Each structure stands twice: as structure tokens, then as C-alpha cells.
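Structure file entry-v6.pdb; described as PDB, C-alpha atoms and all ligand atoms.
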ATOM      1  CA  MET A   1      22.310 -35.014 -16.165
ATOM      2  CA  LYS A   2      20.940 -37.619 -18.607
ATOM      3  CA  ASN A   3      17.376 -38.035 -17.354
ATOM      4  CA  PHE A   4      14.864 -36.031 -15.289
ATOM      5  CA  LEU A   5      13.015 -38.585 -13.168
ATOM      6  CA  THR A   6      12.845 -37.062  -9.679
ATOM      7  CA  ILE A   7      13.940 -33.832  -8.025
ATOM      8  CA  ARG A   8      15.642 -35.962  -5.398
ATOM      9  CA  ASP A   9      18.112 -37.188  -8.056
ATOM     10  CA  CYS A  10      19.153 -33.642  -9.052
ATOM     11  CA  THR A  11      21.705 -31.409  -7.392
ATOM     12  CA  THR A  12      20.778 -27.928  -6.181
ATOM     13  CA  GLN A  13      23.146 -26.545  -8.815
ATOM     14  CA  GLU A  14      21.323 -28.408 -11.613
ATOM     15  CA  LEU A  15      17.934 -27.184 -10.384
ATOM     16  CA  LEU A  16      19.126 -23.579 -10.138
ATOM     17  CA  GLU A  17      20.615 -23.765 -13.627
ATOM     18  CA  LEU A  18      17.328 -25.092 -15.014
ATOM     19  CA  LEU A  19      15.390 -22.286 -13.312
ATOM     20  CA  GLU A  20      17.776 -19.699 -14.707
ATOM     21  CA  LEU A  21      17.548 -21.190 -18.189
ATOM     22  CA  SER A  22      13.752 -21.274 -17.937
ATOM     23  CA  ALA A  23      13.581 -17.609 -16.885
ATOM     24  CA  GLY A  24      15.908 -16.691 -19.779
ATOM     25  CA  LEU A  25      13.851 -18.604 -22.337
ATOM     26  CA  LYS A  26      10.642 -17.091 -20.963
ATOM     27  CA  LYS A  27      12.048 -13.627 -21.572
ATOM     28  CA  LEU A  28      13.256 -14.564 -25.059
ATOM     29  CA  TYR A  29       9.891 -15.962 -26.146
ATOM     30  CA  LYS A  30       7.973 -13.056 -24.566
ATOM     31  CA  ASN A  31      10.087 -10.840 -26.841
ATOM     32  CA  ASP A  32       8.948 -12.887 -29.850
ATOM     33  CA  LYS A  33      12.411 -14.349 -30.386
ATOM     34  CA  ARG A  34      13.102 -18.079 -30.772
ATOM     35  CA  ASP A  35      15.875 -20.506 -29.933
ATOM     36  CA  LEU A  36      15.814 -23.259 -32.568
ATOM     37  CA  CYS A  37      18.340 -25.463 -30.769
ATOM     38  CA  LEU A  38      16.302 -28.652 -31.339
ATOM     39  CA  THR A  39      15.827 -28.341 -35.105
ATOM     40  CA  GLY A  40      15.618 -31.812 -36.625
ATOM     41  CA  LYS A  41      15.021 -33.495 -33.257
ATOM     42  CA  THR A  42      12.024 -35.645 -32.292
ATOM     43  CA  LEU A  43      10.500 -36.204 -28.864
ATOM     44  CA  ALA A  44       8.211 -39.136 -27.991
ATOM     45  CA  LEU A  45       5.407 -38.586 -25.484
ATOM     46  CA  LEU A  46       4.217 -41.853 -23.907
ATOM     47  CA  PHE A  47       1.165 -41.299 -21.713
ATOM     48  CA  GLU A  48      -0.551 -44.023 -19.668
ATOM     49  CA  LYS A  49      -2.833 -41.371 -18.127
ATOM     50  CA  ALA A  50      -4.724 -38.296 -19.294
ATOM     51  CA  SER A  51      -3.031 -34.877 -19.440
ATOM     52  CA  LEU A  52      -3.707 -31.338 -20.566
ATOM     53  CA  ARG A  53      -0.868 -29.134 -19.280
ATOM     54  CA  THR A  54       2.000 -31.608 -19.402
ATOM     55  CA  ARG A  55       1.215 -32.961 -22.837
ATOM     56  CA  VAL A  56       0.478 -29.609 -24.477
ATOM     57  CA  SER A  57       3.382 -27.764 -22.851
ATOM     58  CA  PHE A  58       5.868 -30.417 -24.012
ATOM     59  CA  GLN A  59       4.417 -30.382 -27.524
ATOM     60  CA  VAL A  60       4.501 -26.595 -27.765
ATOM     61  CA  ALA A  61       7.948 -26.396 -26.149
ATOM     62  CA  MET A  62       9.404 -28.904 -28.632
ATOM     63  CA  HIS A  63       7.826 -27.062 -31.546
ATOM     64  CA  ASP A  64       9.116 -23.719 -30.214
ATOM     65  CA  LEU A  65      12.657 -25.108 -30.116
ATOM     66  CA  GLY A  66      12.438 -26.335 -33.726
ATOM     67  CA  GLY A  67      11.648 -30.003 -33.086
ATOM     68  CA  ILE A  68       8.601 -32.240 -33.424
ATOM     69  CA  THR A  69       6.744 -34.640 -31.127
ATOM     70  CA  VAL A  70       5.114 -38.038 -31.496
ATOM     71  CA  TYR A  71       2.288 -38.501 -28.968
ATOM     72  CA  LEU A  72       1.146 -41.960 -27.880
ATOM     73  CA  LYS A  73      -2.036 -41.610 -25.904
ATOM     74  CA  PRO A  74      -3.259 -43.982 -23.177
ATOM     75  CA  ASP A  75      -5.405 -45.874 -25.733
ATOM     76  CA  ASP A  76      -2.373 -46.420 -27.999
ATOM     77  CA  ILE A  77       0.033 -47.845 -25.455
ATOM     78  CA  GLY A  78      -2.138 -48.972 -22.529
ATOM     79  CA  ILE A  79       0.066 -49.738 -19.562
ATOM     80  CA  ILE A  80       3.708 -49.707 -20.649
ATOM     81  CA  GLY A  81       5.044 -53.239 -20.527
ATOM     82  CA  GLN A  82       1.726 -54.994 -21.145
ATOM     83  CA  ARG A  83       2.008 -55.364 -24.923
ATOM     84  CA  GLU A  84       5.785 -55.525 -24.825
ATOM     85  CA  PRO A  85       8.381 -55.038 -22.095
ATOM     86  CA  ALA A  86       9.417 -51.495 -21.175
ATOM     87  CA  LYS A  87      13.020 -52.461 -21.876
ATOM     88  CA  ASP A  88      12.124 -53.278 -25.505
ATOM     89  CA  MET A  89      10.094 -50.109 -25.929
ATOM     90  CA  ALA A  90      12.986 -48.051 -24.552
ATOM     91  CA  ARG A  91      15.421 -49.508 -27.061
ATOM     92  CA  VAL A  92      13.035 -49.172 -30.007
ATOM     93  CA  PHE A  93      12.251 -45.536 -29.166
ATOM     94  CA  SER A  94      15.964 -44.827 -28.777
ATOM     95  CA  ARG A  95      16.374 -45.740 -32.473
ATOM     96  CA  TYR A  96      13.611 -43.338 -33.565
ATOM     97  CA  VAL A  97      13.676 -40.265 -31.299
ATOM     98  CA  HIS A  98      16.017 -38.020 -29.328
ATOM     99  CA  GLY A  99      14.100 -38.049 -26.037
ATOM    100  CA  ILE A 100      11.213 -39.779 -24.235
ATOM    101  CA  VAL A 101       8.671 -38.058 -22.000
ATOM    102  CA  ALA A 102       6.580 -40.621 -20.106
ATOM    103  CA  ARG A 103       3.580 -40.412 -17.761
ATOM    104  CA  THR A 104       3.199 -43.716 -15.951
ATOM    105  CA  TYR A 105       1.367 -45.278 -13.048
ATOM    106  CA  ALA A 106       4.350 -47.123 -11.563
ATOM    107  CA  HIS A 107       7.492 -45.048 -11.107
ATOM    108  CA  GLU A 108       9.465 -48.252 -11.656
ATOM    109  CA  THR A 109       8.357 -48.170 -15.320
ATOM    110  CA  LEU A 110      10.213 -44.857 -15.709
ATOM    111  CA  ASN A 111      13.325 -46.310 -14.080
ATOM    112  CA  GLU A 112      13.128 -49.271 -16.459
ATOM    113  CA  LEU A 113      12.723 -46.995 -19.506
ATOM    114  CA  ALA A 114      15.623 -44.817 -18.340
ATOM    115  CA  HIS A 115      17.846 -47.836 -17.710
ATOM    116  CA  TRP A 116      17.394 -49.211 -21.215
ATOM    117  CA  ALA A 117      17.040 -46.037 -23.291
ATOM    118  CA  SER A 118      20.094 -44.426 -24.807
ATOM    119  CA  VAL A 119      18.204 -41.107 -25.040
ATOM    120  CA  PRO A 120      17.024 -38.899 -22.133
ATOM    121  CA  VAL A 121      13.864 -39.960 -20.269
ATOM    122  CA  ILE A 122      11.694 -37.306 -18.572
ATOM    123  CA  ASN A 123       9.080 -37.984 -15.892
ATOM    124  CA  ALA A 124       5.769 -36.438 -16.965
ATOM    125  CA  LEU A 125       4.169 -37.660 -13.665
ATOM    126  CA  SER A 126       4.276 -41.011 -11.966
ATOM    127  CA  ASP A 127       2.571 -42.261  -8.826
ATOM    128  CA  LEU A 128       5.753 -41.270  -6.965
ATOM    129  CA  SER A 129       6.519 -37.817  -8.287
ATOM    130  CA  HIS A 130       5.799 -34.919 -10.609
ATOM    131  CA  PRO A 131       9.119 -33.079 -10.898
ATOM    132  CA  CYS A 132       8.267 -30.850 -13.907
ATOM    133  CA  GLN A 133       5.281 -29.485 -11.991
ATOM    134  CA  ALA A 134       7.310 -28.717  -8.873
ATOM    135  CA  MET A 135       9.945 -26.878 -10.913
ATOM    136  CA  ALA A 136       7.341 -24.700 -12.664
ATOM    137  CA  ASP A 137       6.009 -23.951  -9.165
ATOM    138  CA  MET A 138       9.472 -22.954  -7.944
ATOM    139  CA  GLN A 139       9.824 -20.624 -10.925
ATOM    140  CA  THR A 140       6.444 -19.103 -10.031
ATOM    141  CA  ALA A 141       7.563 -18.650  -6.411
ATOM    142  CA  ILE A 142      10.689 -16.790  -7.534
ATOM    143  CA  GLU A 143       8.579 -14.530  -9.750
ATOM    144  CA  CYS A 144       6.175 -13.771  -6.869
ATOM    145  CA  PHE A 145       8.709 -13.191  -4.109
ATOM    146  CA  GLY A 146      11.943 -12.365  -5.943
ATOM    147  CA  LYS A 147      13.663 -15.199  -4.060
ATOM    148  CA  ILE A 148      13.129 -18.762  -3.033
ATOM    149  CA  ASN A 149      15.438 -19.255  -0.088
ATOM    150  CA  GLY A 150      13.647 -18.821   3.254
ATOM    151  CA  LEU A 151      10.061 -19.019   1.938
ATOM    152  CA  LYS A 152       7.456 -21.237   3.595
ATOM    153  CA  LEU A 153       5.125 -23.444   1.544
ATOM    154  CA  ALA A 154       2.071 -24.945   3.272
ATOM    155  CA  TYR A 155       0.764 -27.967   1.385
ATOM    156  CA  ILE A 156      -2.788 -28.872   2.430
ATOM    157  CA  GLY A 157      -4.171 -32.311   1.575
ATOM    158  CA  ASP A 158      -2.979 -35.574   0.120
ATOM    159  CA  GLY A 159       0.680 -36.509   0.630
ATOM    160  CA  ASN A 160       0.895 -37.554  -3.017
ATOM    161  CA  ASN A 161       3.252 -37.366  -6.017
ATOM    162  CA  VAL A 162       2.979 -33.557  -6.238
ATOM    163  CA  ALA A 163       3.566 -33.101  -2.482
ATOM    164  CA  ARG A 164       6.631 -35.339  -2.621
ATOM    165  CA  SER A 165       8.228 -33.430  -5.510
ATOM    166  CA  LEU A 166       7.504 -30.133  -3.752
ATOM    167  CA  ALA A 167       9.094 -31.396  -0.523
ATOM    168  CA  PHE A 168      12.301 -32.281  -2.382
ATOM    169  CA  ALA A 169      12.286 -29.063  -4.418
ATOM    170  CA  CYS A 170      11.886 -27.055  -1.204
ATOM    171  CA  ALA A 171      14.673 -28.986   0.537
ATOM    172  CA  LYS A 172      17.077 -28.511  -2.370
ATOM    173  CA  LEU A 173      16.253 -24.823  -2.831
ATOM    174  CA  GLY A 174      16.108 -23.690   0.810
ATOM    175  CA  MET A 175      12.368 -23.447   1.318
ATOM    176  CA  LYS A 176      10.344 -24.793   4.246
ATOM    177  CA  CYS A 177       7.566 -27.254   3.331
ATOM    178  CA  VAL A 178       4.850 -27.978   5.895
ATOM    179  CA  VAL A 179       2.390 -30.682   4.839
ATOM    180  CA  ALA A 180      -0.991 -30.905   6.611
ATOM    181  CA  SER A 181      -2.908 -34.127   5.900
ATOM    182  CA  PRO A 182      -5.561 -36.277   7.524
ATOM    183  CA  ARG A 183      -4.484 -39.528   9.173
ATOM    184  CA  GLY A 184      -3.565 -42.145   6.578
ATOM    185  CA  TYR A 185      -2.819 -39.617   3.820
ATOM    186  CA  GLU A 186       0.479 -38.186   5.093
ATOM    187  CA  LEU A 187       3.578 -37.812   2.992
ATOM    188  CA  ASP A 188       5.614 -40.943   3.735
ATOM    189  CA  ALA A 189       8.050 -40.676   6.624
ATOM    190  CA  GLU A 190      10.996 -41.636   4.417
ATOM    191  CA  THR A 191      10.409 -38.582   2.198
ATOM    192  CA  ILE A 192      10.194 -36.272   5.210
ATOM    193  CA  ALA A 193      13.405 -37.763   6.643
ATOM    194  CA  ALA A 194      15.219 -37.600   3.287
ATOM    195  CA  ALA A 195      14.178 -33.966   2.728
ATOM    196  CA  ASN A 196      15.390 -33.068   6.214
ATOM    197  CA  ALA A 197      18.665 -34.863   5.536
ATOM    198  CA  ILE A 198      19.153 -32.618   2.485
ATOM    199  CA  HIS A 199      18.211 -29.431   4.361
ATOM    200  CA  PRO A 200      17.610 -29.822   8.114
ATOM    201  CA  GLY A 201      14.199 -28.525   9.198
ATOM    202  CA  SER A 202      12.906 -28.127   5.629
ATOM    203  CA  ALA A 203      10.074 -30.692   5.786
ATOM    204  CA  GLU A 204       7.385 -31.202   8.395
ATOM    205  CA  GLN A 205       4.237 -33.339   8.421
ATOM    206  CA  ILE A 206       1.433 -32.053  10.631
ATOM    207  CA  ARG A 207      -2.294 -32.623  11.009
ATOM    208  CA  ASP A 208      -3.768 -29.121  11.320
ATOM    209  CA  PRO A 209      -4.214 -27.042   8.134
ATOM    210  CA  LYS A 210      -4.790 -23.890  10.212
ATOM    211  CA  GLN A 211      -1.412 -24.275  11.853
ATOM    212  CA  ALA A 212       0.212 -25.007   8.467
ATOM    213  CA  VAL A 213      -0.893 -21.769   6.813
ATOM    214  CA  LYS A 214       0.337 -19.537   9.654
ATOM    215  CA  GLY A 215       3.174 -17.417   8.271
ATOM    216  CA  ALA A 216       3.032 -19.262   4.920
ATOM    217  CA  ASP A 217       4.147 -17.530   1.736
ATOM    218  CA  ILE A 218       2.537 -20.180  -0.465
ATOM    219  CA  ILE A 219      -0.566 -22.261   0.183
ATOM    220  CA  TYR A 220      -0.651 -25.269  -2.125
ATOM    221  CA  THR A 221      -3.215 -27.977  -2.702
ATOM    222  CA  ASP A 222      -3.921 -30.775  -5.174
ATOM    223  CA  THR A 223      -6.817 -33.137  -5.850
ATOM    224  CA  TRP A 224      -7.899 -35.545  -3.100
ATOM    225  CA  VAL A 225      -8.327 -38.259  -5.777
ATOM    226  CA  SER A 226      -5.315 -38.726  -8.026
ATOM    227  CA  MET A 227      -5.455 -40.570 -11.329
ATOM    228  CA  GLY A 228      -5.723 -44.283 -10.570
ATOM    229  CA  GLN A 229      -7.529 -43.723  -7.237
ATOM    230  CA  GLU A 230     -11.028 -43.252  -8.681
ATOM    231  CA  ALA A 231     -12.396 -46.324  -6.853
ATOM    232  CA  GLU A 232     -11.559 -44.648  -3.504
ATOM    233  CA  LYS A 233     -13.299 -41.404  -4.414
ATOM    234  CA  GLU A 234     -16.195 -41.530  -1.933
ATOM    235  CA  LYS A 235     -14.002 -42.564   0.996
ATOM    236  CA  ARG A 236     -11.400 -39.930   0.189
ATOM    237  CA  ILE A 237     -13.964 -37.143  -0.023
ATOM    238  CA  LYS A 238     -15.145 -38.082   3.487
ATOM    239  CA  ASP A 239     -11.633 -38.455   4.868
ATOM    240  CA  PHE A 240     -10.473 -35.068   3.539
ATOM    241  CA  GLN A 241     -13.282 -33.043   5.126
ATOM    242  CA  GLY A 242     -11.720 -30.053   6.890
ATOM    243  CA  TYR A 243      -8.808 -29.904   4.422
ATOM    244  CA  GLN A 244     -10.349 -27.569   1.857
ATOM    245  CA  VAL A 245      -8.418 -24.455   0.881
ATOM    246  CA  ASN A 246     -11.204 -21.885   1.274
ATOM    247  CA  GLY A 247     -11.608 -18.230   2.256
ATOM    248  CA  GLU A 248     -11.659 -19.086   5.956
ATOM    249  CA  LEU A 249      -8.315 -20.901   5.791
ATOM    250  CA  LEU A 250      -6.784 -18.247   3.545
ATOM    251  CA  ALA A 251      -7.753 -15.555   6.085
ATOM    252  CA  LEU A 252      -5.403 -17.205   8.607
ATOM    253  CA  ALA A 253      -2.407 -16.801   6.273
ATOM    254  CA  PRO A 254      -0.510 -13.558   5.626
ATOM    255  CA  LYS A 255      -2.294 -11.266   3.137
ATOM    256  CA  THR A 256       0.783 -11.554   0.903
ATOM    257  CA  ALA A 257       0.443 -15.339   0.631
ATOM    258  CA  LYS A 258      -0.070 -16.840  -2.829
ATOM    259  CA  VAL A 259      -2.297 -19.807  -3.607
ATOM    260  CA  MET A 260      -1.006 -22.551  -5.884
ATOM    261  CA  HIS A 261      -2.612 -25.633  -7.404
ATOM    262  CA  CYS A 262      -1.068 -27.859 -10.060
ATOM    263  CA  LEU A 263      -4.497 -28.269 -11.778
ATOM    264  CA  PRO A 264      -6.847 -29.815 -12.659
ATOM    265  CA  ALA A 265      -8.704 -28.300  -9.683
ATOM    266  CA  TYR A 266     -11.892 -29.832  -8.328
ATOM    267  CA  ARG A 267     -13.693 -26.735  -7.098
ATOM    268  CA  GLY A 268     -15.840 -27.380  -4.048
ATOM    269  CA  TYR A 269     -13.554 -30.207  -2.918
ATOM    270  CA  GLU A 270      -9.870 -29.432  -2.217
ATOM    271  CA  ILE A 271     -10.302 -25.743  -3.128
ATOM    272  CA  THR A 272     -13.173 -23.304  -3.543
ATOM    273  CA  ASP A 273     -13.939 -21.400  -6.716
ATOM    274  CA  GLU A 274     -13.600 -18.182  -4.704
ATOM    275  CA  VAL A 275      -9.986 -18.994  -3.766
ATOM    276  CA  CYS A 276      -9.111 -20.207  -7.286
ATOM    277  CA  GLU A 277     -10.348 -16.896  -8.687
ATOM    278  CA  SER A 278      -8.974 -14.685  -5.879
ATOM    279  CA  LYS A 279      -6.210 -12.114  -6.322
ATOM    280  CA  GLN A 280      -3.924 -14.336  -4.253
ATOM    281  CA  SER A 281      -4.220 -17.203  -6.746
ATOM    282  CA  VAL A 282      -1.300 -17.750  -9.145
ATOM    283  CA  ILE A 283      -2.561 -21.021 -10.579
ATOM    284  CA  PHE A 284      -2.467 -19.869 -14.205
ATOM    285  CA  ASP A 285       1.052 -18.471 -13.789
ATOM    286  CA  GLU A 286       2.109 -21.930 -12.624
ATOM    287  CA  ALA A 287       0.389 -23.482 -15.640
ATOM    288  CA  GLU A 288       2.158 -21.024 -17.965
ATOM    289  CA  ASN A 289       5.510 -21.763 -16.365
ATOM    290  CA  ARG A 290       5.074 -25.429 -17.228
ATOM    291  CA  LEU A 291       5.788 -24.360 -20.834
ATOM    292  CA  HIS A 292       8.828 -22.251 -20.000
ATOM    293  CA  PHE A 293      10.302 -24.944 -17.779
ATOM    294  CA  GLN A 294       9.739 -27.699 -20.365
ATOM    295  CA  ARG A 295      11.639 -25.619 -22.939
ATOM    296  CA  ALA A 296      14.560 -25.293 -20.525
ATOM    297  CA  LEU A 297      14.526 -28.996 -19.699
ATOM    298  CA  LEU A 298      14.425 -30.058 -23.359
ATOM    299  CA  LYS A 299      17.193 -27.619 -24.277
ATOM    300  CA  LYS A 300      19.377 -28.960 -21.469
ATOM    301  CA  LEU A 301      18.730 -32.682 -21.947
ATOM    302  CA  ILE A 302      18.344 -32.955 -25.711
ATOM    303  CA  GLY A 303      20.103 -29.816 -26.865
ATOM    304  CA  GLY A 304      23.055 -30.486 -24.589
ATOM    305  CA  LYS A 305      22.976 -26.940 -23.124
TER     306      LYS A 305
HETATM  307  N1  LIG A 401      -0.645 -30.320 -13.650
HETATM  308  C1  LIG A 401      -0.619 -31.256 -14.598
HETATM  309  O1  LIG A 401       0.295 -32.058 -14.702
HETATM  310  O2  LIG A 401      -1.699 -31.237 -15.424
HETATM  311  P1  LIG A 401      -2.048 -32.356 -16.516
HETATM  312  O3  LIG A 401      -2.403 -33.613 -15.767
HETATM  313  O4  LIG A 401      -3.211 -31.791 -17.269
HETATM  314  O5  LIG A 401      -0.856 -32.575 -17.378
HETATM  315  N1  LIG A 402      -1.889 -35.851  -7.987
HETATM  316  C1  LIG A 402      -2.509 -35.700  -9.272
HETATM  317  C2  LIG A 402      -1.789 -34.678 -10.084
HETATM  318  C3  LIG A 402      -2.386 -34.367 -11.421
HETATM  319  C4  LIG A 402      -1.580 -33.387 -12.204
HETATM  320  C5  LIG A 402      -2.546 -37.045  -9.990
HETATM  321  O1  LIG A 402      -1.561 -37.803  -9.887
HETATM  322  O2  LIG A 402      -3.539 -37.357 -10.627
END
Can you dump the structure from the file as C-alpha cells?
Ligand code: CP
Ligand code: NVA
Amino acid sequence: MKNFLTIRDCTTQELLELLELSAGLKKLYKNDKRDLCLTGKTLALLFEKASLRTRVSFQVAMHDLGGITVYLKPDDIGIIGQREPAKDMARVFSRYVHGIVARTYAHETLNELAHWASVPVINALSDLSHPCQAMADMQTAIECFGKINGLKLAYIGDGNNVARSLAFACAKLGMKCVVASPRGYELDAETIAAANAIHPGSAEQIRDPKQAVKGADIIYTDTWVSMGQEAEKEKRIKDFQGYQVNGELLALAPKTAKVMHCLPAYRGYEITDEVCESKQSVIFDEAENRLHFQRALLKKLIGGK
């Protein structure tokens, strides 16, 4: 495993190992111990888009493991490839640092960086996928239910980067993923077919959110307007009416169901404040697990665990 670009690229074994490593490191750090396996190492963070969780969790994780980070914010680099080709940036960074974390608009930019870099490249979110998020969510699911195999995740809303990574994570780890979206915002058919090829029956695209949450262990949603889609905001808000995760929808799910959101959450749109703050919400556990998972990923890819 050289890079971490999509969950689809990883084997089930690799994902399970990462989850185990993440749980182990979480325990270690909760006990105020440290693993300085990345002492003397440097990680570059190249961000075309804004970030709170991803940026900070990678910076803290690298520091916790003994290394340092260099952060290039959207203003510094603009769109990767505009000032100079991604293939040149990849080779320059490979001479300076031991790993590259990149948040890009086009997923192809990540593929280009990974092709030319001699150091690991990690996807910090692209328009296609958000694998680090989905893995922190899987860790949260294991913590909530003591298992992952056989759970049902109902994803309500936009069939976007987060939904796609969840569908592949579910397929690889034995979970069922039902996506409910309005017409025109479904998860693409190729993803559904590919997830079902990995684990038959694991992915389903439907229209009705009420049907999706029936028997669900996890109810998941994300913004209706992802970064880069701001111009479509008004249309999207209209098109997503009826897809809010609110108390009424939650009441149709089992009482034991947990609510997840990758954050940032737009309260009053895809989710209500009441649901975000409810006892069933584990959104801050997911956010915390971003840190634990990033430590595991960095240890594996840069530390050669
Ligand atoms: N969930 C997530 O990736 O958050 P940021 O955009 O703040 O990094
Ligand atoms: N789908 C959202 C996720 C943000 C973490 C976006 O791409 O903006």
C-alpha cells in the first residue's frame, strides 16, 4: 500500500488492519503514551479547498507521531497544476517531504500527484471521494455497535464524494448501504454496481428517505452543497426538500440507531439542530476519530508499519 486515494483501491484486509491500528493508537494516546515513529519526518498538506477537521487532524497526528507538517493553503497553491504542472509539484515535494496529503477538486489531480511522487500521497477529499472520512466513520460504527459486519447504513441526501466512499467502505467491510436521494442527485450507477460486485447486495439507491431509515443502524447525511457547487446553492436547496434528517425521520428508525454527519453541518438544511444535538448523534465521535485514523494511516504509509 503506497498511497491512500480511494477505499475502492484498498483490500478488506488493508482496511481492517488500518482500523485495528487506529483503535490501538487511540488507546495508547488516551493513556497519555506516544508512538514517535515519525520522528524527523515531514508531511506536506496541499489544500485547494477549505478544511477544519482534515487539516487539523493531520497536523496534530503528524506532531503526535514526532513529525512536522508544511501546510499550503488554497491561497498559496490555487488549483494544483495552474502555476506549474502537478507532475512537477509531485517530484519537487518528493525531494523535500516524506508524504503528501492533498485536497483537490479533480480526483485526477490526485492520481497525477500519486503517479509522479516517490512518496505516499493521501486523499484529503476530492470531488470523487473522501476515504479518510469514511474510515473514521467505520471506526465510529465499530465503537457504537461492537461490530461492523451486518450493519445497515442509510445515507440520506446527495450522492457525493462522502456517499461514494461510504458505499465502498460498507461493501468492503460487510455493511449494507442504502442511499436515498432526489432525482438527479443519486450516487452514480457505476459505483452502486461496483460496490455490489465487491459484496453482493451491499449497495442500493432508492428515492424514499423514510424507507431508507427503516431498520437502519446508522443514519448519515452530508451537505446538499459541496465545496465547488456554491453557484447551484438555491436550486439544490429546492431540489433536496423532503431529504432533511429531522426528528420525524429519526422516529421511523430503530431507537438504537446512531446519526452521523461528516461535518460541517448546515443546520436547518440537511439536518436539524435537534438531531445534531440528540443522544443518538455521534458526530463529534466521528470528528475525533479522524485524528486517530490519520495517525494510523501516517504510521502505516510513512512509518512503514
Ligand atoms: N469532514 C471534513 O472533512 O471536514 P473538513 O472539510 O473541515 O476537513
Ligand atoms: N461533500 C462535502 C464534504 C465536506 C467535508 C464537500 O465535498 O464539500
Exercise. Translate the PyMOL selection byres (((not hetatm)) within 7 of (chain A and resi 402)), as applied to the file shown, into an explicit residue set as number ranges by chain.
Key: A: 125-127, 160-162, 222-223, 225-227, 262-264
Set up a box along x, y and z of the file covering all listed atoms of ligand LIG 401 (chain A), add 3 Å on every one of the six sides, and write the centre and edge lengths in Å to one decimal, as lines of an AutoDock Vina configuration file.
center_x = -1.5
center_y = -32.0
center_z = -15.5
size_x = 9.5
size_y = 9.3
size_z = 9.7
Using all atoms listed in the file, find each residue of chain A with at least one atom at most 10 Å away from an atom of ligand LIG 401 (chain A); report its shortest atom-to-atom pair and that distance in Å (one decimal), sort the rows by chain and rising residue number, and return the result as a tab-separated table.
residue	atom	partner	partner_atom	distance
A:Phe47	CA	A:LIG401	O5	9.9
A:Lys49	CA	A:LIG401	O3	8.1
A:Ala50	CA	A:LIG401	O3	6.3
A:Ser51	CA	A:LIG401	O4	3.8
A:Leu52	CA	A:LIG401	O4	3.4
A:Arg53	CA	A:LIG401	O5	3.9
A:Thr54	CA	A:LIG401	O5	3.6
A:Arg55	CA	A:LIG401	O5	5.9
A:Val56	CA	A:LIG401	O5	7.8
A:Ser57	CA	A:LIG401	O5	8.4
A:Phe58	CA	A:LIG401	O5	9.7
A:Arg103	CA	A:LIG401	O5	9.0
A:Ala124	CA	A:LIG401	O1	7.4
A:Leu125	CA	A:LIG401	O1	6.9
A:His130	CA	A:LIG401	O1	7.4
A:Pro131	CA	A:LIG401	O1	9.7
A:Cys132	CA	A:LIG401	O1	8.1
A:Gln133	CA	A:LIG401	N1	6.2
A:Ala134	CA	A:LIG401	N1	9.4
A:Ala136	CA	A:LIG401	N1	9.8
A:Val162	CA	A:LIG401	N1	8.9
A:Asp222	CA	A:LIG401	N1	9.1
A:Ser226	CA	A:LIG401	O3	9.7
A:Met227	CA	A:LIG401	O3	8.8
A:His261	CA	A:LIG401	N1	8.1
A:Cys262	CA	A:LIG401	N1	4.4
A:Leu263	CA	A:LIG401	N1	4.7
A:Pro264	CA	A:LIG401	O2	6.0
A:Ala265	CA	A:LIG401	N1	9.2
A:Ile283	CA	A:LIG401	N1	10.0
A:Glu286	CA	A:LIG401	N1	8.9
A:Ala287	CA	A:LIG401	N1	7.2
A:Arg290	CA	A:LIG401	N1	8.3
Practice problem: Kindly resolve the PyMOL selection byres (((chain A and resi 78) around 12) and not hetatm) on the present coordinates and return the residues as a PyMOL selection string. | Solution: chain A and resi 46-50+72-77+79-84+86+103-105
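Closest to Ser118 of chain A among A:Thr272, A:Lys2, A:Ile68, A:Ala189 is A:Lys2, based on only C-alpha atoms.
Proximity ranking of A:Gln13, A:His98, A:Leu110, A:Met62 relative to Cys37 of chain A places A:Met62 first, based on all atoms listed in the file.
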Practice problem: For Gln205 of chain A, list every protein, DNA or RNA residue within 8 Å, evaluated using all atoms listed in the file, and leave out those in the same chain fewer than 6 positions away; present the list as a list in words. | Solution: Val178, Val179, Ala180, Ser181, Glu186, Leu187 and Ile192 of chain A
Exercise. Return as a ChimeraX atom specification the set of residues that the PyMOL selection byres (((chain A and resi 151-156) around 6) and not hetatm) yields on the displayed structure.
Key: /A:148-150,157,175-180,212-213,216-221
Please save C-alpha atoms of the selected residues as an mmCIF file, keeping the file's coordinate frame.
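Output file again_2.cif follows:
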data_model
loop_
_atom_site.group_PDB
_atom_site.id
_atom_site.type_symbol
_atom_site.label_atom_id
_atom_site.label_comp_id
_atom_site.auth_asym_id
_atom_site.auth_seq_id
_atom_site.Cartn_x
_atom_site.Cartn_y
_atom_site.Cartn_z
ATOM 1 C CA ILE A 148 13.129 -18.762 -3.033
ATOM 2 C CA ASN A 149 15.438 -19.255 -0.088
ATOM 3 C CA GLY A 150 13.647 -18.821 3.254
ATOM 4 C CA GLY A 157 -4.171 -32.311 1.575
ATOM 5 C CA MET A 175 12.368 -23.447 1.318
ATOM 6 C CA LYS A 176 10.344 -24.793 4.246
ATOM 7 C CA CYS A 177 7.566 -27.254 3.331
ATOM 8 C CA VAL A 178 4.850 -27.978 5.895
ATOM 9 C CA VAL A 179 2.390 -30.682 4.839
ATOM 10 C CA ALA A 180 -0.991 -30.905 6.611
ATOM 11 C CA ALA A 212 0.212 -25.007 8.467
ATOM 12 C CA VAL A 213 -0.893 -21.769 6.813
ATOM 13 C CA ALA A 216 3.032 -19.262 4.920
ATOM 14 C CA ASP A 217 4.147 -17.530 1.736
ATOM 15 C CA ILE A 218 2.537 -20.180 -0.465
ATOM 16 C CA ILE A 219 -0.566 -22.261 0.183
ATOM 17 C CA TYR A 220 -0.651 -25.269 -2.125
ATOM 18 C CA THR A 221 -3.215 -27.977 -2.702
#
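Atom CA of Gln244 of chain A to atom CA of Asp158 of chain A spans 11.0 Å [interatomic distance, one decimal].
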Quiz item: Residues at most 10 Å from Lys305 of chain A, counting all atoms listed in the file, excluding those fewer than 3 positions away in the same chain, as a PyMOL selection string?
Solution: chain A and resi 21+37+296-302
Practice problem: Rank nothing, just name the residue among A:Thr69, A:Asn123, A:Leu128, A:Ile206 nearest to Val101 of chain A, using only C-alpha atoms. | Solution: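 Closest residue, counting only C-alpha atoms: A:Asn123.
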Practice problem: Could you check which of A:Asp35, A:Tyr269, A:Lys210, A:Phe145 is closest to Lys233 of chain A, using only C-alpha atoms? | Solution: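 Closest residue, counting only C-alpha atoms: A:Tyr269.
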